[in-house]
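Next comes final.tsv, a file with TSV, C-alpha atoms and all ligand atoms.
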chain	number	residue	atom	x	y	z
A	15	MET	CA	-4.56	-14.98	22.31
A	16	THR	CA	-6.75	-12.36	23.94
A	17	THR	CA	-9.51	-10.03	22.81
A	18	ALA	CA	-10.87	-7.01	24.65
A	19	HIS	CA	-12.67	-3.77	23.97
A	20	ALA	CA	-10.34	-0.76	24.02
A	21	SER	CA	-10.89	3.00	23.93
A	22	SER	CA	-10.41	5.05	20.75
A	23	ASP	CA	-6.97	6.13	22.14
A	24	ALA	CA	-5.82	2.60	21.36
A	25	PHE	CA	-5.33	3.67	17.73
A	26	ASN	CA	-2.59	6.08	18.86
A	27	ARG	CA	-0.58	3.62	20.89
A	28	PRO	CA	3.16	3.37	20.13
A	29	ALA	CA	4.41	0.93	17.50
A	30	ALA	CA	6.37	-0.98	20.16
A	31	ARG	CA	6.46	-1.00	23.95
A	32	PHE	CA	7.74	-3.10	26.80
A	33	THR	CA	5.22	-5.02	28.88
A	34	ALA	CA	5.45	-7.11	32.03
A	35	ASP	CA	5.93	-10.19	29.81
A	36	GLY	CA	8.33	-8.79	27.24
A	37	LEU	CA	7.74	-6.74	24.13
A	38	ASP	CA	4.50	-5.81	22.40
A	39	ILE	CA	4.41	-4.72	18.74
A	40	ARG	CA	1.47	-2.94	17.11
A	41	ALA	CA	0.05	-5.16	14.36
A	42	SER	CA	0.09	-2.33	11.82
A	43	ALA	CA	3.84	-1.88	12.52
A	44	LEU	CA	4.77	-5.49	11.69
A	45	GLY	CA	6.74	-4.43	8.61
A	46	GLN	CA	8.61	-1.60	10.30
A	47	CYS	CA	12.38	-1.48	10.74
A	48	ARG	CA	13.31	-3.40	13.88
A	49	ARG	CA	15.77	-0.75	14.99
A	50	ALA	CA	13.01	1.91	14.67
A	51	LEU	CA	10.74	-0.33	16.78
A	52	TRP	CA	13.49	-0.53	19.41
A	53	TYR	CA	13.87	3.27	19.43
A	54	THR	CA	10.10	3.52	20.01
A	55	ALA	CA	10.04	0.90	22.76
A	56	THR	CA	12.95	2.56	24.57
A	57	GLU	CA	11.19	5.93	24.16
A	58	GLN	CA	13.97	7.70	22.27
A	59	PRO	CA	13.24	11.28	21.21
A	60	VAL	CA	11.90	11.67	17.69
A	61	THR	CA	14.46	13.54	15.58
A	62	ASN	CA	12.54	13.66	12.29
A	63	PRO	CA	8.87	14.25	13.07
A	64	ILE	CA	6.31	13.36	10.41
A	65	PRO	CA	5.70	16.52	8.33
A	66	PRO	CA	2.18	18.01	8.71
A	67	GLU	CA	1.27	17.23	5.09
A	68	SER	CA	2.09	13.53	5.58
A	69	LEU	CA	0.00	13.50	8.76
A	70	THR	CA	-2.89	15.03	6.83
A	71	LEU	CA	-2.54	12.31	4.18
A	72	LEU	CA	-2.51	9.64	6.89
A	73	GLU	CA	-5.58	11.05	8.60
A	74	ALA	CA	-7.42	11.44	5.30
A	75	GLY	CA	-6.69	7.75	4.56
A	76	ASN	CA	-8.04	6.68	7.97
A	77	ALA	CA	-11.13	8.84	7.57
A	78	LEU	CA	-11.90	7.13	4.26
A	79	GLU	CA	-12.00	3.62	5.71
A	80	PRO	CA	-15.73	3.79	6.63
A	81	VAL	CA	-16.34	4.88	3.02
A	82	VAL	CA	-14.83	1.58	1.84
A	83	VAL	CA	-17.07	-0.36	4.25
A	84	ARG	CA	-20.18	1.41	2.93
A	85	ALA	CA	-19.10	0.76	-0.67
A	86	MET	CA	-18.65	-2.93	0.14
A	87	ARG	CA	-22.13	-3.14	1.63
A	88	ARG	CA	-23.61	-1.50	-1.44
A	89	SER	CA	-21.94	-4.25	-3.46
A	90	GLY	CA	-23.65	-6.91	-1.37
A	91	TRP	CA	-20.96	-7.68	1.20
A	92	ARG	CA	-21.86	-8.51	4.77
A	93	VAL	CA	-19.46	-6.30	6.74
A	94	SER	CA	-19.26	-5.59	10.47
A	95	PRO	CA	-16.85	-2.70	11.01
A	96	ALA	CA	-15.03	-1.99	14.25
A	97	ASP	CA	-16.68	0.44	16.65
A	98	ARG	CA	-14.21	3.34	16.36
A	99	ASP	CA	-14.95	4.53	19.92
A	100	HIS	CA	-14.54	1.08	21.47
A	101	PRO	CA	-12.51	-1.03	19.03
A	102	VAL	CA	-11.93	-4.70	19.71
A	103	SER	CA	-8.30	-5.24	20.65
A	104	VAL	CA	-6.65	-8.57	19.83
A	105	SER	CA	-3.32	-9.76	21.15
A	106	VAL	CA	-1.46	-12.75	19.72
A	107	GLU	CA	1.80	-14.27	20.92
A	108	ALA	CA	4.21	-14.35	17.98
A	109	THR	CA	7.02	-15.93	19.96
A	110	PRO	CA	7.69	-16.30	23.70
A	111	GLY	CA	8.22	-12.81	25.11
A	112	LEU	CA	6.69	-11.01	22.12
A	113	THR	CA	3.04	-10.24	21.46
A	114	VAL	CA	1.41	-8.47	18.53
A	115	THR	CA	-1.59	-6.31	19.34
A	116	GLY	CA	-4.01	-4.54	17.04
A	117	HIS	CA	-7.57	-3.60	16.19
A	118	PRO	CA	-9.27	-5.41	13.30
A	119	ASP	CA	-10.98	-3.07	10.84
A	120	ALA	CA	-13.90	-5.36	10.10
A	121	THR	CA	-15.16	-8.90	9.71
A	122	GLY	CA	-17.71	-10.22	7.24
A	123	SER	CA	-18.08	-12.16	4.04
A	124	PRO	CA	-18.31	-11.49	0.30
A	125	PRO	CA	-21.68	-11.50	-1.42
A	126	SER	CA	-22.89	-15.00	-2.19
A	127	ALA	CA	-23.59	-15.62	-5.86
A	128	GLY	CA	-26.85	-13.90	-6.70
A	129	GLY	CA	-27.31	-12.92	-3.05
A	130	ALA	CA	-29.05	-9.70	-2.10
A	131	PRO	CA	-27.11	-6.95	-0.31
A	132	ALA	CA	-27.32	-7.25	3.47
A	133	ALA	CA	-28.15	-4.01	5.28
A	134	VAL	CA	-26.39	-4.82	8.53
A	135	GLU	CA	-25.42	-1.87	10.71
A	136	GLN	CA	-23.99	-3.55	13.80
A	137	PHE	CA	-20.38	-3.51	14.89
A	138	LEU	CA	-17.65	-6.17	14.91
A	139	PHE	CA	-18.93	-9.32	16.63
A	140	GLY	CA	-22.42	-7.82	16.64
A	141	ASP	CA	-23.93	-9.14	13.45
A	142	ALA	CA	-22.84	-12.75	13.15
A	143	GLU	CA	-25.95	-14.38	11.86
A	144	PRO	CA	-26.55	-17.86	13.22
A	145	ASN	CA	-26.21	-20.49	10.53
A	146	SER	CA	-24.86	-17.89	8.11
A	147	PRO	CA	-23.94	-19.62	4.86
A	148	ASN	CA	-20.72	-17.62	4.72
A	149	GLU	CA	-18.21	-17.89	7.54
A	150	ASP	CA	-16.96	-14.57	8.92
A	151	ILE	CA	-13.43	-13.68	7.92
A	152	VAL	CA	-11.19	-10.72	8.71
A	153	ILE	CA	-11.43	-7.78	6.33
A	154	GLU	CA	-8.43	-5.48	6.44
A	155	VAL	CA	-9.32	-2.09	4.97
A	156	LYS	CA	-6.56	-0.01	3.35
A	157	THR	CA	-6.42	3.27	1.48
A	158	ARG	CA	-3.58	3.80	-0.98
A	159	GLY	CA	-2.44	6.49	-3.40
A	160	PRO	CA	-2.79	5.69	-7.13
A	161	GLU	CA	0.76	4.30	-7.54
A	162	ALA	CA	0.57	2.04	-4.46
A	163	PHE	CA	-2.95	0.92	-5.46
A	164	LYS	CA	-1.74	-0.05	-8.94
A	165	ARG	CA	1.23	-1.88	-7.45
A	166	TRP	CA	-0.99	-3.81	-5.02
A	167	ARG	CA	-3.45	-4.78	-7.75
A	168	THR	CA	-0.74	-5.87	-10.15
A	169	LEU	CA	1.59	-7.71	-7.78
A	170	GLY	CA	-0.86	-8.89	-5.12
A	171	ALA	CA	-0.79	-7.99	-1.43
A	172	GLU	CA	1.77	-10.65	-0.47
A	173	ARG	CA	4.34	-9.04	-2.73
A	174	SER	CA	3.36	-5.38	-2.51
A	175	HIS	CA	2.35	-5.12	1.17
A	176	PRO	CA	3.16	-8.43	2.93
A	177	GLU	CA	2.84	-6.75	6.33
A	178	SER	CA	-0.86	-6.09	5.69
A	179	VAL	CA	-1.46	-9.81	5.03
A	180	ALA	CA	0.42	-10.73	8.24
A	181	GLN	CA	-1.63	-8.10	10.08
A	182	ALA	CA	-4.92	-9.58	8.85
A	183	ALA	CA	-3.70	-13.11	9.67
A	184	CYS	CA	-2.86	-11.96	13.20
A	185	TYR	CA	-6.41	-10.59	13.59
A	186	SER	CA	-7.85	-13.85	12.33
A	187	LEU	CA	-5.84	-15.78	14.94
A	188	GLY	CA	-6.88	-13.33	17.64
A	189	LEU	CA	-10.58	-13.24	16.76
A	190	PHE	CA	-11.26	-16.80	15.64
A	191	GLY	CA	-8.39	-18.76	17.18
A	192	GLU	CA	-7.37	-19.93	13.69
A	193	CYS	CA	-5.96	-18.51	10.54
A	194	ARG	CA	-8.87	-18.32	8.11
A	195	ASP	CA	-8.87	-16.78	4.63
A	196	VAL	CA	-8.42	-13.03	4.91
A	197	MET	CA	-9.66	-10.21	2.72
A	198	ILE	CA	-7.73	-7.05	1.87
A	199	ALA	CA	-10.08	-4.29	0.65
A	200	THR	CA	-8.30	-1.25	-0.77
A	201	LEU	CA	-9.47	2.18	-1.89
A	202	ASP	CA	-7.54	4.19	-4.48
A	203	THR	CA	-7.55	7.69	-3.00
A	204	GLY	CA	-6.95	9.16	-6.46
A	205	SER	CA	-9.79	7.61	-8.48
A	206	ARG	CA	-11.90	6.67	-5.40
A	207	THR	CA	-12.37	3.16	-6.77
A	208	TRP	CA	-11.96	0.11	-4.56
A	209	ASP	CA	-11.08	-3.49	-5.06
A	210	TYR	CA	-10.33	-6.51	-2.91
A	211	GLU	CA	-8.03	-9.50	-2.75
A	212	GLU	CA	-8.79	-12.72	-0.93
A	213	ILE	CA	-5.79	-14.49	0.55
A	214	PRO	CA	-6.38	-18.20	1.25
A	215	ALA	CA	-5.80	-19.32	4.85
A	216	ALA	CA	-2.57	-21.23	4.13
A	217	ARG	CA	-0.97	-18.21	2.47
A	218	ALA	CA	-2.15	-15.84	5.21
A	219	GLU	CA	-0.69	-18.17	7.81
A	220	ARG	CA	2.62	-18.21	5.97
A	221	ALA	CA	2.69	-14.38	5.92
A	222	TRP	CA	2.11	-14.42	9.69
A	223	ARG	CA	4.91	-16.95	10.20
A	224	ASN	CA	7.33	-14.88	8.09
A	225	ALA	CA	6.47	-11.73	10.06
A	226	SER	CA	6.84	-13.62	13.35
A	227	VAL	CA	10.27	-14.93	12.39
A	228	ARG	CA	11.35	-11.39	11.47
A	229	ILE	CA	10.32	-9.85	14.78
A	230	GLU	CA	11.52	-12.85	16.77
A	231	ALA	CA	14.98	-11.27	16.51
A	232	LEU	CA	13.69	-8.36	18.60
A	233	ALA	CA	12.45	-10.71	21.33
A	234	GLU	CA	15.91	-12.34	21.37
A	235	HIS	CA	17.54	-8.91	21.47
A	236	HIS	CA	15.34	-7.99	24.43
A	237	ALA	CA	16.08	-11.25	26.25
A	238	LEU	CA	19.81	-10.62	25.78
A	239	ASN	CA	20.00	-6.90	26.59
A	240	GLY	CA	16.89	-6.02	28.53
A	241	PRO	CA	15.27	-2.67	27.68
A	242	ASP	CA	18.64	-1.02	27.03
A	243	PRO	CA	18.35	2.05	24.75
A	244	GLU	CA	22.09	1.88	23.97
A	245	ALA	CA	22.04	-1.73	22.73
A	246	LEU	CA	20.69	-1.26	19.23
A	247	PRO	CA	19.52	-3.98	16.84
A	248	GLU	CA	21.01	-3.94	13.33
A	249	ARG	CA	19.57	-1.48	10.81
A	250	ASP	CA	17.05	-3.05	8.42
A	251	PHE	CA	17.45	-0.36	5.75
A	252	THR	CA	19.92	2.16	4.37
A	253	ALA	CA	19.65	5.94	4.04
A	254	LEU	CA	18.58	5.57	0.40
A	255	ASP	CA	15.54	3.41	1.25
A	256	TRP	CA	12.18	5.14	1.59
A	257	GLN	CA	11.78	3.59	5.04
A	258	CYS	CA	14.77	5.59	6.30
A	259	LYS	CA	13.78	8.75	4.44
A	260	ARG	CA	10.45	8.70	6.31
A	261	CYS	CA	11.83	7.38	9.60
A	262	PRO	CA	11.19	9.56	12.67
A	263	TYR	CA	14.61	8.48	14.04
A	264	LEU	CA	16.69	9.05	10.90
A	265	ASN	CA	19.03	11.67	12.42
A	266	LEU	CA	19.47	9.57	15.55
A	267	CYS	CA	20.19	6.38	13.61
A	268	GLN	CA	22.18	7.80	10.70
A	269	PRO	CA	23.45	11.29	11.50
A	270	GLY	CA	24.01	13.02	8.16
A	271	GLY	CA	22.07	10.31	6.35
A	272	ALA	CA	19.22	12.70	5.54
A	273	GLY	CA	21.46	14.75	3.26
A	274	GLU	CA	22.65	11.79	1.18
A	275	THR	CA	21.55	11.85	-2.40
A	276	GLN	CA	22.05	9.48	-5.27
A	277	ASP	CA	24.88	10.49	-7.58
A	278	HIS	CA	23.88	9.73	-11.14
A	279	GLY	CA	27.25	10.94	-12.37
A	280	GLU	CA	25.66	13.15	-15.02
A	281	GLN	CA	26.08	16.66	-13.63
A	282	THR	CA	28.98	17.37	-11.36
A	283	GLU	CA	28.87	21.20	-11.35
A	284	PRO	CA	26.45	22.64	-8.80
A	285	VAL	CA	23.40	24.36	-10.33
A	286	SER	CA	22.33	27.69	-8.82
A	287	ASP	CA	18.68	28.50	-8.06
A	288	GLU	CA	18.72	31.10	-10.87
A	289	GLN	CA	19.98	28.51	-13.38
A	290	ALA	CA	17.27	26.08	-12.21
A	291	ARG	CA	14.58	28.80	-12.64
A	292	GLN	CA	15.90	29.55	-16.15
A	293	ALA	CA	15.79	25.80	-16.99
A	294	LEU	CA	12.21	25.63	-15.70
A	295	ARG	CA	11.17	28.60	-17.90
A	296	GLU	CA	12.80	26.93	-20.94
A	297	TYR	CA	10.97	23.70	-20.08
A	298	GLU	CA	7.64	25.57	-19.89
A	299	GLN	CA	8.23	27.27	-23.25
A	300	ALA	CA	9.15	23.94	-24.86
A	301	GLN	CA	6.00	22.33	-23.38
A	302	ALA	CA	3.83	25.16	-24.81
A	303	ARG	CA	5.40	24.68	-28.27
A	304	ILE	CA	4.88	20.88	-28.08
A	305	LYS	CA	1.21	21.36	-27.12
A	306	SER	CA	0.58	23.72	-30.02
A	307	LEU	CA	2.37	21.36	-32.48
A	308	GLU	CA	0.35	18.41	-31.14
A	309	ALA	CA	-2.89	20.35	-31.72
A	310	ASP	CA	-1.80	21.12	-35.33
A	311	LYS	CA	-0.96	17.44	-35.87
A	312	ARG	CA	-4.33	16.26	-34.52
A	313	GLY	CA	-6.18	18.74	-36.78
A	314	ALA	CA	-4.26	17.57	-39.89
A	315	LEU	CA	-4.89	13.89	-39.08
A	316	LYS	CA	-8.62	14.54	-38.67
A	317	THR	CA	-8.77	16.17	-42.11
A	318	LEU	CA	-6.89	13.23	-43.65
A	319	GLN	CA	-9.26	10.74	-41.96
A	320	HIS	CA	-12.30	12.55	-43.38
A	321	TRP	CA	-10.64	12.56	-46.82
A	322	LEU	CA	-10.03	8.80	-46.60
A	323	GLN	CA	-13.58	8.10	-45.40
A	324	GLY	CA	-14.92	10.27	-48.24
A	325	LYS	CA	-13.07	8.05	-50.74
A	326	GLY	CA	-14.51	4.95	-49.04
A	327	GLU	CA	-11.03	3.48	-48.60
A	328	ARG	CA	-8.88	2.38	-45.66
A	329	LYS	CA	-5.56	3.19	-47.31
A	330	ALA	CA	-4.43	5.63	-50.03
A	331	ARG	CA	-1.24	7.20	-51.42
A	332	LEU	CA	-0.82	10.97	-51.31
A	333	GLU	CA	1.93	13.34	-52.45
A	334	GLY	CA	3.69	14.93	-49.43
A	335	SER	CA	6.13	17.83	-49.43
A	336	ALA	CA	9.17	15.61	-50.06
A	337	LYS	CA	7.79	12.19	-51.04
A	338	GLN	CA	4.65	10.14	-51.57
A	339	ARG	CA	3.18	8.81	-48.35
A	340	THR	CA	0.62	6.19	-47.41
A	341	VAL	CA	-2.37	7.38	-45.42
A	342	GLY	CA	-4.22	4.49	-43.83
A	343	MET	CA	-6.29	3.29	-40.90
A	344	VAL	CA	-4.53	0.89	-38.55
A	345	GLN	CA	-6.03	-1.15	-35.76
A	346	SER	CA	-4.42	-1.38	-32.36
A	347	ARG	CA	-5.32	-4.08	-29.92
A	348	ARG	CA	-4.90	-4.07	-26.17
A	349	TYR	CA	-4.85	-7.03	-23.86
A	350	ALA	CA	-6.00	-6.81	-20.27
A	351	VAL	CA	-5.00	-9.10	-17.43
A	352	ASP	CA	-7.44	-9.61	-14.57
A	353	HIS	CA	-4.96	-9.27	-11.73
A	354	THR	CA	-7.54	-10.01	-9.04
A	355	ARG	CA	-8.23	-13.44	-10.54
A	356	LEU	CA	-4.58	-14.04	-11.31
A	357	ASN	CA	-3.58	-13.24	-7.73
A	358	ALA	CA	-6.27	-15.55	-6.37
A	359	LEU	CA	-5.15	-18.44	-8.58
A	360	LEU	CA	-1.40	-18.33	-8.16
A	361	GLU	CA	1.01	-18.57	-5.27
A	362	PRO	CA	3.12	-15.41	-4.75
A	363	GLU	CA	6.24	-17.27	-6.01
A	364	GLN	CA	4.51	-18.27	-9.25
A	365	ARG	CA	3.21	-14.72	-9.71
A	366	ALA	CA	6.74	-13.37	-9.21
A	367	GLU	CA	7.83	-15.40	-12.26
A	368	ILE	CA	4.97	-14.08	-14.37
A	369	VAL	CA	4.40	-10.51	-13.19
A	370	THR	CA	7.77	-8.82	-12.95
A	371	GLU	CA	8.49	-5.33	-11.77
A	372	GLN	CA	10.84	-2.78	-13.32
A	373	VAL	CA	11.54	0.50	-11.59
A	374	SER	CA	12.73	3.52	-13.54
A	375	GLU	CA	13.31	7.04	-12.35
A	376	TYR	CA	12.56	10.26	-14.20
A	377	LEU	CA	12.13	13.91	-13.40
A	378	ARG	CA	8.58	15.25	-13.42
A	379	VAL	CA	7.60	18.92	-13.43
A	380	SER	CA	4.03	19.48	-12.33
B	1	LIG	S1	16.77	5.35	9.90
B	1	LIG	FE1	16.40	3.50	8.71
B	1	LIG	S2	17.68	1.91	9.66
B	1	LIG	FE2	17.53	3.62	11.11
B	1	LIG	S3	15.85	3.11	12.44
B	1	LIG	FE3	15.00	4.35	10.81
B	1	LIG	S4	14.31	2.92	9.24
B	1	LIG	FE4	15.68	1.81	10.63
Would you mind giving the structure from this file in structure tokens?
Ligand code: SF4
Amino acid sequence: MTTAHASSDAFNRPAARFTADGLDIRASALGQCRRALWYTATEQPVTNPIPPESLTLLEAGNALEPVVVRAMRRSGWRVSPADRDHPVSVSVEATPGLTVTGHPDATGSPPSAGGAPAAVEQFLFGDAEPNSPNEDIVIEVKTRGPEAFKRWRTLGAERSHPESVAQAACYSLGLFGECRDVMIATLDTGSRTWDYEEIPAARAERAWRNASVRIEALAEHHALNGPDPEALPERDFTALDWQCKRCPYLNLCQPGGAGETQDHGEQTEPVSDEQARQALREYEQAQARIKSLEADKRGALKTLQHWLQGKGERKARLEGSAKQRTVGMVQSRRYAVDHTRLNALLEPEQRAEIVTEQVSEYLRVS
């Protein structure tokens, strides 16, 4: 395990590269496809560059990380963020011949019960208070879009983004020489709200072990083939997975894969652009009619509610156009689950039995 101060260029280093001792993987790339990591290490040309709008999203997410740190401090956290010009670099051996290197976002500790906010402005390693009641732990700061944020909060980081837990565990090993509890602090870029999840040390260590076992295959591949760009590891994903759709080597790895689409077997005849435009216009007209009908419905219900209140009743019968109907107040009740507390209390396997995930697909016009 090593730590050192690096320059700000360190954030732009490749996801994988060969070193004198073997292979080095960037900690934030721990969950990446192993074949894609091999393409990067062997310096293959990028065939599907990241589109400018995705780069903008990525940069906006990075730029918001200091905002999360400031929000945490306002909530009473003691946080020491990395110095962005000279970040601390940690390197941990995952397996012989393979290191994982990265730059921790921050260290610190949650507010102690009833504790006052600490106005600490020093950088990582700079503010450790002697005899601090709270031990410093790694804080991994993430920004996510609304859907990913909801998924993380509901399922917990180990199920939604296991690579981020392994990344934080790696930083803990690199900084403290042991796997302590780690904290994942996440900002929803849609609502600009943030939340956190604390992963106990044992679970963080398990995430690191799982990630190490996964990338161990790359070290073995390297030991067997050397840095041969022609000897490719197996693919981790298929053309239909989002990882491949966003992969910078898609056309190199799966020529023609980019054009594959899912066949739902519903419409076999090709639809022309003009037919699609006509369908969109019909959709817009239908939406306008629905909105106007909804407004009429809300107005009528309001009148009926006032009528009922005027009678001092919660339910009454009234003659409709075809039959007598009951007009009445009904109560609806909602139940909320505190996912932060649930995630802290249960192991990921237990949560998987309780919080299940269903994925459906639909067409949205916005
Ligand atoms: S296209 Fe898919 S399988 Fe191929 S390298 Fe990229 S992520 Fe891996």
| query | What gap, in Å, lies between CA of Ala85 (chain A) and CA of Thr354 (chain A)? | reply |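 Taking CA of Ala85 (chain A) and CA of Thr354 (chain A), their separation equals 17.9 Å.
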| message | Env of Cys47 (chain A): 9 Å cut, atoms = all atoms listed in the file, seq-sep filter 3 positions within chain, self excluded. Answer as a list in words. | response | Ala43, Leu44, Ala50, Leu51, Trp52, Arg249, Asp250, Phe251, Gln257, Cys258 and Cys261 of chain A
Write as a PDB file with C-alpha atoms, keeping the file's coordinate frame the residues around ligand LIG 1 (chain B), taking 10 Å as the cut-off and counting all atoms listed in the file.
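Result written to out.pdb:
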ATOM      1  CA  GLN A  46       8.610  -1.600  10.300  1.00  0.00           C
ATOM      2  CA  CYS A  47      12.380  -1.480  10.740  1.00  0.00           C
ATOM      3  CA  ARG A  48      13.310  -3.400  13.880  1.00  0.00           C
ATOM      4  CA  ARG A  49      15.770  -0.750  14.990  1.00  0.00           C
ATOM      5  CA  ALA A  50      13.010   1.910  14.670  1.00  0.00           C
ATOM      6  CA  LEU A  51      10.740  -0.330  16.780  1.00  0.00           C
ATOM      7  CA  TRP A  52      13.490  -0.530  19.410  1.00  0.00           C
ATOM      8  CA  TYR A  53      13.870   3.270  19.430  1.00  0.00           C
ATOM      9  CA  THR A  54      10.100   3.520  20.010  1.00  0.00           C
ATOM     10  CA  ASN A  62      12.540  13.660  12.290  1.00  0.00           C
ATOM     11  CA  LEU A 246      20.690  -1.260  19.230  1.00  0.00           C
ATOM     12  CA  PRO A 247      19.520  -3.980  16.840  1.00  0.00           C
ATOM     13  CA  GLU A 248      21.010  -3.940  13.330  1.00  0.00           C
ATOM     14  CA  ARG A 249      19.570  -1.480  10.810  1.00  0.00           C
ATOM     15  CA  ASP A 250      17.050  -3.050   8.420  1.00  0.00           C
ATOM     16  CA  PHE A 251      17.450  -0.360   5.750  1.00  0.00           C
ATOM     17  CA  THR A 252      19.920   2.160   4.370  1.00  0.00           C
ATOM     18  CA  ALA A 253      19.650   5.940   4.040  1.00  0.00           C
ATOM     19  CA  LEU A 254      18.580   5.570   0.400  1.00  0.00           C
ATOM     20  CA  ASP A 255      15.540   3.410   1.250  1.00  0.00           C
ATOM     21  CA  TRP A 256      12.180   5.140   1.590  1.00  0.00           C
ATOM     22  CA  GLN A 257      11.780   3.590   5.040  1.00  0.00           C
ATOM     23  CA  CYS A 258      14.770   5.590   6.300  1.00  0.00           C
ATOM     24  CA  LYS A 259      13.780   8.750   4.440  1.00  0.00           C
ATOM     25  CA  ARG A 260      10.450   8.700   6.310  1.00  0.00           C
ATOM     26  CA  CYS A 261      11.830   7.380   9.600  1.00  0.00           C
ATOM     27  CA  PRO A 262      11.190   9.560  12.670  1.00  0.00           C
ATOM     28  CA  TYR A 263      14.610   8.480  14.040  1.00  0.00           C
ATOM     29  CA  LEU A 264      16.690   9.050  10.900  1.00  0.00           C
ATOM     30  CA  ASN A 265      19.030  11.670  12.420  1.00  0.00           C
ATOM     31  CA  LEU A 266      19.470   9.570  15.550  1.00  0.00           C
ATOM     32  CA  CYS A 267      20.190   6.380  13.610  1.00  0.00           C
ATOM     33  CA  GLN A 268      22.180   7.800  10.700  1.00  0.00           C
ATOM     34  CA  PRO A 269      23.450  11.290  11.500  1.00  0.00           C
ATOM     35  CA  GLY A 271      22.070  10.310   6.350  1.00  0.00           C
ATOM     36  CA  ALA A 272      19.220  12.700   5.540  1.00  0.00           C
TER      37      ALA A 272
END
| query | Taking all atoms listed in the file into account, which of A:Lys337, A:Lys164, A:Arg365, A:Arg303 comes nearest Gly204 (chain A)? | reply |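 Of all the options, A:Lys164 lies closest to Gly204 (chain A).
The interatomic distance for the pair CA of Val104 (chain A) and CA of Ala34 (chain A) works out to 17.2 Å.
Atom pair CA of Asp150 (chain A) / CA of Phe163 (chain A): separated by 25.4 Å.
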| said: Can you pull out the residues contacting Leu356 (chain A)? Cut-off 12 Å, using all atoms listed in the file, and skip same-chain residues under 5 positions away; I want them as a PyMOL selection string. | reply: chain A and resi 167-170+211-213+350-351+361-362+364-366+368-369
Would you mind exporting C-alpha atoms of the selected residues as a CSV table (one decimal), keeping the file's coordinate frame?
chain,number,residue,atom,x,y,z
A,167,ARG,CA,-3.4,-4.8,-7.8
A,168,THR,CA,-0.7,-5.9,-10.2
A,169,LEU,CA,1.6,-7.7,-7.8
A,170,GLY,CA,-0.9,-8.9,-5.1
A,211,GLU,CA,-8.0,-9.5,-2.8
A,212,GLU,CA,-8.8,-12.7,-0.9
A,213,ILE,CA,-5.8,-14.5,0.6
A,350,ALA,CA,-6.0,-6.8,-20.3
A,351,VAL,CA,-5.0,-9.1,-17.4
A,361,GLU,CA,1.0,-18.6,-5.3
A,362,PRO,CA,3.1,-15.4,-4.8
A,364,GLN,CA,4.5,-18.3,-9.2
A,365,ARG,CA,3.2,-14.7,-9.7
A,366,ALA,CA,6.7,-13.4,-9.2
A,368,ILE,CA,5.0,-14.1,-14.4
A,369,VAL,CA,4.4,-10.5,-13.2
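Proximity ranking of A:Gln372, A:Leu307, A:Tyr210, A:Pro110 relative to Arg355 (chain A) places A:Tyr210 first, based on all atoms listed in the file.
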| said: Taking 2 positions as the minimum chain separation for residues in the same chain, which residues sit within 9 Å of Ala183 (chain A) when counting only C-alpha atoms? Answer as a ChimeraX atom specification. | reply: /A:152,178-181,185-188,192-196,215,218-222
Would you compute an axis-aligned box for region 285-304 of chain A, covering every atom listed for it in the file with 5 Å of margin on each side, and report centre and edge lengths in Å to one decimal as JSON?
{"center_x": 13.6, "center_y": 26.0, "center_z": -18.2, "size_x": 29.6, "size_y": 20.2, "size_z": 30.2}
| Of the residues A:Asp119, A:Glu172, A:Gly45, A:Met197, which is the one nearest to Pro101 (chain A), using all atoms listed in the file? |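 Looking only at the distances to Pro101 (chain A), the closest residue turns out to be A:Asp119.
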| said: Using all atoms listed in the file, can you tell me which of A:Ala302, A:Val341, A:Val83, A:Val285 comes closest to Leu315 (chain A)? | reply: A:Val341
